[in-house]
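S.K.: Once you've had a glance at the structure underneath, I'll fire off some questions.
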Amino acid sequence: MAERAQPIRATAGIGAALLVAALILGTLAAVALRAETGSGLATSDWSALRFTLTQASLSSLLSVGLAIPVARALARRRFAGRRLLIALLGAPFILPVIVAILGLLAVFGRVGWLSALLGLFGLEPVQIYGLHGVVLAHVFFNLPLATRLILQGWQEIPAERFRLAAQLDAGPLAMWRLLEAPMLRRVAPGALAVVFAICLSSFAVALTLGGGPRATTIELAIYQAFRFDFDLGRAALLSGLQLVLTGAAALVALRVSTGEGFGAGLDRAVQRWDGKSTLARGLDAGWILLAAAFLLLPLAAIVLAGLPGLATLKSSVWQAAGNSVLVAALSTALLLVLALPMAAAAAAGRGRLAELSGILGLAASPLVIGTGLFIVIYPFTSPFALALPVTALVNAVMALPFAMRILAPRAQEVLGRYGRLSLSLDMRGWHFVRHVYLPRMRAQTGFAAGLAAALSMGDLGVVALFADPEFATLPLQIYRLMGAYRMEAAAAAALLLLALSMGAFWILDRGGRWHAET
């Protein structure tokens with residue numbers, strides 16, 4: 001399909017991909033060119049590198065290691081609410097980081113629910129700050145993602161394989177050796193690499209739960225080098241280091257995620273005859289209950305802690321909420337302007353350039369993009385006056401890789417199904433985009449827009465660089481309330497942010513699927 005004529009040109013998509021690449025690489029170059037000669041990495045930066053690799057390794061190993069029994073239990077059991085639970089596994093991915101951290105503090109903090117329970121037995125409260133707190137938060141965010149990836153691997157095993165194993169009276173060990181272990185060898189490394197790449201670029205988690213200089217990630221070191229020391233050379237070197245590490249992890253994830261599976265089946269519903277013993281049932285139920293409690297208790301804590309203070313929120317919080325809505329709306333619009341043409345270009349046979357831009361967006365540091373934009377804007381106007389559009393632009397670029405994974409497969413399907421017919425009717429260019437491409441991309445466009453809006457609504461990254469005391473988004477306002485030890489007001493603001501993020505995702509996703517032709 002890449003070689004034949006298409007009713008839509010790839011020019012706009014190629015231009016968008018080049019613009020994204022120029023933004024990412026150009027801002028990095030702007031930081032590097034402004035760096036002082038001889039600037040290098042300090043001892044604290046090497047410590048940040050070691051801590052980043054340590055926490056990313058531990059977080060990915062724990063997330064995937066715990067996801068395997070949870071995914072296996074979900075694959076083997078059928079129970080009321082199973083679909084809802086699997087759907088809820090996607091919630092932490094769009095959950096604002098600062099909201100999740102407040103929920104984790106409410107459950108695992110020094111005055112949290114777990115510490116109160118330990119106090120009844122005369123035990124010391126939980127210490128959440130430091131390496132273990134950062135790893136705990138990353139497992140909270142990435143355990144659902146790893147579970148979904150591994151569960152998909154279990155669901156791709158044809159039903160006929162399980163039927164044949166049952167007919168041969170294969171026991172638990174034989175079932176594991178013949179079916180489950182080969183699938184995990186194919187799926188688990190990719191999930192491990194994806195989670196590792198995500199944890200490498202941690203900022204808000206380390207900022208709030210790090211607990212001191214010993215728990216500094218590369219992303220946080222970039223922020224400190226720019227915000228407090230204005231050492232652009234260190235910021236550029238750290239950003240290049242993170243770009244290499246995250247890009248390598250992303251390429252590994254793409255490479256190991258492909259491989260031969262178990263072949264095609266007859267699309268029958270999977271029926272399992274293994275795991276019928278009382279011990280297996282008890283273990284599966286235990287893993288499902290523990291995972292559900294670990295994921296849902298922090299959300300319940302936010303709701304319970306935030307409800308009493310909603311009515312007493314000050315005007316500064318509501319103003320910050322309005323800023324967050326504006327940033328999310330602008331970021332979503334920018335994302336669609338970039339992603340829809342890039343998806344069309346990928347479907348028309350120019351996918352390599354779009355895929356490369358997507359990987360750059362995943363590997364780049366949003367703080368360095370913000371720093372580069374700060375340097376470029378500063379000679380002309382005050383960067384603080386452009387905090388809102390700059391934050392929206394960077395958030396759109398950060399959400400672009402996820403949007404491309406949503407839009408590109410559907411765009412390829414649309415061109416493959418309607419391309420020849422449109423050419424025969426001489427329907428090209430804008431007419432094809434308006435009457436064919438966009439209407440049949442509505443559901444995927446709504447999902448991508450909802451995801452971008454939720455991620456932008458909860459971002460605490462670039463705005464930390466550009467914001468002055470008179471400007472704040474809701475995540476930054478919550479962080480300031482936490483720094484002032486106004487935890488009740490912070491919990492109420494976090495509940496408001498949770499409602500706005502989930503509401504934006506639901507409205508856009510639902511709106512895209514409303515009467516959409518699929």
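Scheme for the structure tokens: letters A, B, ... for chains in order shown; per-chain residue numbers from 1; ligand numbers from 1 in order shown.
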Which residues are close to stretch 334-345 of chain A, i.e. within 7 Å by only C-alpha atoms, leaving aside same-chain residues fewer than 6 positions away? Reply as a list of chain:residue names.
M.R.: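 So, after excluding close chain neighbours, the residues are A:Ala10, A:Ala12, A:Gly13, A:Ile14, A:Ala16, A:Ala17, A:Gly351, A:Ala354, A:Leu393, A:Ala396, A:Leu400, A:Ala403, A:Met404, A:Leu407, A:Ala408, A:Ala411.
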S.K.: Which residues, written as a VMD selection string, have at least one atom at most 12 Å from stretch 485-493 of chain A, with only C-alpha atoms counted and residues fewer than 4 positions away on the same chain left out?
M.R.: chain A and resid 96 98 to 106 111 298 to 321 458 473 to 481 497 to 500
S.K.: Please produce a file of the residues just selected, as a tab-separated table (two decimals), in the first residue's frame, where the atoms kept are N, CA and C atoms.
M.R.:
```
chain	number	residue	atom	x	y	z
A	96	PRO	N	-3.49	12.10	37.55
A	96	PRO	CA	-2.44	13.09	37.82
A	96	PRO	C	-1.48	12.59	38.89
A	98	ILE	N	0.43	14.08	41.05
A	98	ILE	CA	0.34	14.71	42.36
A	98	ILE	C	-0.86	14.17	43.14
A	99	VAL	N	-1.93	13.82	42.44
A	99	VAL	CA	-3.11	13.24	43.10
A	99	VAL	C	-2.78	11.85	43.63
A	100	ALA	N	-2.12	11.06	42.80
A	100	ALA	CA	-1.74	9.71	43.24
A	100	ALA	C	-0.81	9.77	44.44
A	101	ILE	N	0.11	10.73	44.45
A	101	ILE	CA	1.05	10.84	45.56
A	101	ILE	C	0.32	11.18	46.85
A	102	LEU	N	-0.64	12.09	46.77
A	102	LEU	CA	-1.43	12.41	47.96
A	102	LEU	C	-2.20	11.19	48.45
A	103	GLY	N	-2.73	10.41	47.51
A	103	GLY	CA	-3.43	9.19	47.90
A	103	GLY	C	-2.50	8.18	48.56
A	104	LEU	N	-1.30	8.02	48.00
A	104	LEU	CA	-0.33	7.12	48.60
A	104	LEU	C	0.11	7.59	49.97
A	105	LEU	N	0.26	8.90	50.15
A	105	LEU	CA	0.60	9.43	51.47
A	105	LEU	C	-0.51	9.15	52.48
A	106	ALA	N	-1.77	9.27	52.02
A	106	ALA	CA	-2.89	9.03	52.92
A	106	ALA	C	-2.96	7.57	53.37
A	111	VAL	N	1.24	9.31	58.88
A	111	VAL	CA	-0.06	9.41	59.55
A	111	VAL	C	-1.14	8.76	58.69
A	298	PRO	N	-5.78	4.20	47.53
A	298	PRO	CA	-5.34	5.60	47.44
A	298	PRO	C	-6.38	6.52	46.81
A	299	LEU	N	-7.11	6.02	45.81
A	299	LEU	CA	-8.17	6.84	45.22
A	299	LEU	C	-9.28	7.09	46.22
A	300	ALA	N	-9.66	6.06	46.97
A	300	ALA	CA	-10.69	6.24	48.01
A	300	ALA	C	-10.21	7.21	49.07
A	301	ALA	N	-8.92	7.17	49.42
A	301	ALA	CA	-8.39	8.09	50.43
A	301	ALA	C	-8.48	9.53	49.96
A	302	ILE	N	-8.20	9.77	48.67
A	302	ILE	CA	-8.30	11.13	48.13
A	302	ILE	C	-9.75	11.64	48.21
A	303	VAL	N	-10.69	10.79	47.85
A	303	VAL	CA	-12.09	11.20	47.87
A	303	VAL	C	-12.53	11.51	49.30
A	304	LEU	N	-12.19	10.64	50.24
A	304	LEU	CA	-12.61	10.85	51.62
A	304	LEU	C	-11.95	12.07	52.25
A	305	ALA	N	-10.66	12.29	51.91
A	305	ALA	CA	-9.96	13.43	52.50
A	305	ALA	C	-10.33	14.75	51.83
A	306	GLY	N	-10.70	14.69	50.56
A	306	GLY	CA	-10.95	15.93	49.84
A	306	GLY	C	-12.36	16.46	49.92
A	307	LEU	N	-13.33	15.59	50.13
A	307	LEU	CA	-14.73	16.03	50.14
A	307	LEU	C	-15.02	17.13	51.16
A	308	PRO	N	-14.56	17.02	52.42
A	308	PRO	CA	-14.91	18.07	53.40
A	308	PRO	C	-14.37	19.45	53.05
A	309	GLY	N	-13.25	19.52	52.30
A	309	GLY	CA	-12.64	20.82	52.04
A	309	GLY	C	-13.00	21.45	50.71
A	310	LEU	N	-13.83	20.78	49.91
A	310	LEU	CA	-14.17	21.34	48.60
A	310	LEU	C	-14.86	22.69	48.71
A	311	ALA	N	-15.75	22.81	49.66
A	311	ALA	CA	-16.52	24.05	49.78
A	311	ALA	C	-15.69	25.21	50.31
A	312	THR	N	-14.51	24.94	50.87
A	312	THR	CA	-13.70	26.00	51.47
A	312	THR	C	-12.47	26.35	50.64
A	313	LEU	N	-12.42	25.84	49.41
A	313	LEU	CA	-11.28	26.15	48.57
A	313	LEU	C	-11.22	27.65	48.25
A	314	LYS	N	-10.03	28.21	48.29
A	314	LYS	CA	-9.86	29.64	48.05
A	314	LYS	C	-9.86	29.93	46.55
A	315	SER	N	-9.96	31.21	46.23
A	315	SER	CA	-10.05	31.62	44.83
A	315	SER	C	-8.79	31.28	44.05
A	316	SER	N	-7.63	31.25	44.73
A	316	SER	CA	-6.38	30.93	44.03
A	316	SER	C	-6.41	29.50	43.48
A	317	VAL	N	-7.07	28.60	44.19
A	317	VAL	CA	-7.17	27.21	43.71
A	317	VAL	C	-8.08	27.15	42.50
A	318	TRP	N	-9.19	27.85	42.54
A	318	TRP	CA	-10.10	27.85	41.39
A	318	TRP	C	-9.47	28.54	40.18
A	319	GLN	N	-8.69	29.59	40.43
A	319	GLN	CA	-7.98	30.23	39.32
A	319	GLN	C	-6.96	29.28	38.71
A	320	ALA	N	-6.25	28.53	39.57
A	320	ALA	CA	-5.30	27.54	39.07
A	320	ALA	C	-6.03	26.45	38.29
A	321	ALA	N	-7.22	26.06	38.74
A	321	ALA	CA	-8.00	25.07	38.00
A	321	ALA	C	-8.38	25.59	36.62
A	458	GLY	N	-2.88	17.04	34.49
A	458	GLY	CA	-2.17	16.66	35.70
A	458	GLY	C	-0.68	16.84	35.64
A	473	THR	N	-0.77	26.31	37.67
A	473	THR	CA	-1.79	25.34	37.31
A	473	THR	C	-2.20	24.60	38.58
A	474	LEU	N	-3.23	23.79	38.48
A	474	LEU	CA	-3.72	23.12	39.67
A	474	LEU	C	-2.70	22.15	40.28
A	475	PRO	N	-1.97	21.33	39.49
A	475	PRO	CA	-0.94	20.50	40.11
A	475	PRO	C	0.12	21.30	40.84
A	476	LEU	N	0.56	22.43	40.25
A	476	LEU	CA	1.57	23.26	40.92
A	476	LEU	C	1.00	23.88	42.19
A	477	GLN	N	-0.27	24.28	42.17
A	477	GLN	CA	-0.90	24.84	43.36
A	477	GLN	C	-1.00	23.79	44.47
A	478	ILE	N	-1.30	22.54	44.09
A	478	ILE	CA	-1.35	21.47	45.09
A	478	ILE	C	0.03	21.26	45.69
A	479	TYR	N	1.06	21.28	44.87
A	479	TYR	CA	2.42	21.12	45.38
A	479	TYR	C	2.78	22.24	46.35
A	480	ARG	N	2.37	23.46	46.03
A	480	ARG	CA	2.63	24.58	46.94
A	480	ARG	C	1.87	24.43	48.25
A	481	LEU	N	0.64	23.95	48.19
A	481	LEU	CA	-0.11	23.70	49.42
A	481	LEU	C	0.55	22.62	50.26
A	497	LEU	N	-8.83	18.20	41.01
A	497	LEU	CA	-8.01	17.85	39.86
A	497	LEU	C	-8.37	16.46	39.33
A	498	LEU	N	-8.63	15.54	40.23
A	498	LEU	CA	-9.05	14.19	39.83
A	498	LEU	C	-10.34	14.24	39.03
A	499	ALA	N	-11.30	15.03	39.51
A	499	ALA	CA	-12.58	15.15	38.81
A	499	ALA	C	-12.40	15.80	37.44
A	500	LEU	N	-11.57	16.83	37.36
A	500	LEU	CA	-11.35	17.50	36.08
A	500	LEU	C	-10.65	16.59	35.07
```
S.K.: Tell me which of A:Val20, A:Trp430, A:Pro144, A:Leu25 sits closest to A:Ala399, counting only C-alpha atoms.
M.R.: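 With only C-alpha atoms as the atom set, the closest residue is A:Val20.
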S.K.: Just asking: which residues within stretch 103-243 of chain A are helix (DSSP H, G or I) according to DSSP, as a ChimeraX atom specification?
M.R.: /A:103-108,113-120,131-155,159-167,172-200,204-209,213-215,218-227,232-243
S.K.: With distances taken over only C-alpha atoms, which of A:Ile218, A:Leu149, A:Leu88, A:Leu95 is nearest to A:Ala454?
M.R.: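 Going through A:Ile218, A:Leu149, A:Leu88, A:Leu95 one by one, the smallest distance to A:Ala454 is for A:Leu95.
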S.K.: Quick one: residues within 8 Å of stretch 58-74 of chain A, only C-alpha atoms counted, chain neighbours fewer than 6 positions away excluded, as a VMD selection string?
M.R.: chain A and resid 82 135 to 136 138 to 139 142 to 144 146 to 148 150 to 151 154 188 191 to 193 195 to 196 199 284 to 285 287 to 288 291
S.K.: Could those residues be written to a file, using C-alpha atoms, as a PDB file, in the first residue's frame?
M.R.:
```
ATOM      1  CA  ARG A  82     -14.029  -8.507  36.116  1.00  0.00           C
ATOM      2  CA  VAL A 135       9.609   2.806  43.899  1.00  0.00           C
ATOM      3  CA  LEU A 136       6.217   2.425  45.610  1.00  0.00           C
ATOM      4  CA  HIS A 138       6.205   3.919  40.316  1.00  0.00           C
ATOM      5  CA  VAL A 139       4.803   0.461  41.020  1.00  0.00           C
ATOM      6  CA  ASN A 142       3.074   0.923  36.239  1.00  0.00           C
ATOM      7  CA  LEU A 143       1.672  -2.265  37.783  1.00  0.00           C
ATOM      8  CA  PRO A 144      -1.654  -1.736  35.931  1.00  0.00           C
ATOM      9  CA  ALA A 146       2.337  -4.174  33.014  1.00  0.00           C
ATOM     10  CA  THR A 147      -0.723  -6.224  33.974  1.00  0.00           C
ATOM     11  CA  ARG A 148      -2.603  -5.105  30.871  1.00  0.00           C
ATOM     12  CA  ILE A 150       0.904  -9.368  30.100  1.00  0.00           C
ATOM     13  CA  LEU A 151      -2.822 -10.121  30.246  1.00  0.00           C
ATOM     14  CA  TRP A 154      -2.327 -14.570  27.885  1.00  0.00           C
ATOM     15  CA  ALA A 188       7.574  -9.812  29.711  1.00  0.00           C
ATOM     16  CA  ALA A 191       6.787  -4.799  29.325  1.00  0.00           C
ATOM     17  CA  LEU A 192       9.956  -4.553  31.424  1.00  0.00           C
ATOM     18  CA  ALA A 193      11.616  -2.234  28.904  1.00  0.00           C
ATOM     19  CA  VAL A 195       8.190   0.434  32.372  1.00  0.00           C
ATOM     20  CA  PHE A 196      11.946   1.018  32.684  1.00  0.00           C
ATOM     21  CA  CYS A 199      10.584   5.398  35.177  1.00  0.00           C
ATOM     22  CA  ASP A 284      -5.722 -16.177  42.340  1.00  0.00           C
ATOM     23  CA  ALA A 285      -8.358 -14.533  44.537  1.00  0.00           C
ATOM     24  CA  TRP A 287      -3.625 -11.665  44.048  1.00  0.00           C
ATOM     25  CA  ILE A 288      -6.708 -10.005  42.543  1.00  0.00           C
ATOM     26  CA  ALA A 291      -3.971  -5.609  43.405  1.00  0.00           C
TER      27      ALA A 291
END
```
S.K.: Looking at only C-alpha atoms, which of A:Ala249, A:Ala42, A:Ala293, A:Ile94 is the one that sits closest to A:Met457?
M.R.: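 Of A:Ala249, A:Ala42, A:Ala293, A:Ile94, the one nearest A:Met457 is A:Ile94, counting only C-alpha atoms.
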S.K.: Which neighbours of A:Arg281 fall inside 10 Å, counting only C-alpha atoms, when residues of the same chain fewer than 4 positions from it are skipped, and could you give them as a CSV table (one decimal) with N, CA and C atoms, in the first residue's frame?
M.R.:
```csv
chain,number,residue,atom,x,y,z
A,73,ALA,N,-4.0,-14.6,37.2
A,73,ALA,CA,-5.3,-14.8,37.9
A,73,ALA,C,-6.5,-14.2,37.1
A,76,ARG,N,-7.3,-16.5,34.2
A,76,ARG,CA,-7.9,-17.9,34.6
A,76,ARG,C,-9.3,-17.8,35.2
A,77,ARG,N,-9.7,-16.6,35.7
A,77,ARG,CA,-10.9,-16.5,36.5
A,77,ARG,C,-12.0,-15.6,35.8
A,275,GLY,N,-6.1,-24.9,37.1
A,275,GLY,CA,-6.3,-24.0,38.3
A,275,GLY,C,-7.6,-24.3,39.0
A,276,LYS,N,-8.1,-25.5,39.0
A,276,LYS,CA,-9.3,-25.8,39.7
A,276,LYS,C,-9.2,-26.2,41.1
A,277,SER,N,-8.0,-26.4,41.6
A,277,SER,CA,-7.8,-26.8,43.0
A,277,SER,C,-8.1,-25.6,43.9
A,285,ALA,N,-7.5,-15.5,43.9
A,285,ALA,CA,-8.4,-14.5,44.5
A,285,ALA,C,-7.5,-13.6,45.4
A,286,GLY,N,-6.5,-14.1,46.0
A,286,GLY,CA,-5.6,-13.2,46.9
A,286,GLY,C,-4.9,-12.2,46.0
```
S.K.: What is the distance, in Å and to one decimal place, between atom CA of A:Phe79 and atom CA of A:Leu290?
M.R.: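 These two atoms are separated by 15.8 Å.
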S.K.: Counting only C-alpha atoms, which residue out of A:Gly483, A:Pro401, A:Pro439, A:Gly153 sits closest to A:Val414?
M.R.: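 Going through A:Gly483, A:Pro401, A:Pro439, A:Gly153 one by one, the smallest distance to A:Val414 is for A:Pro439.
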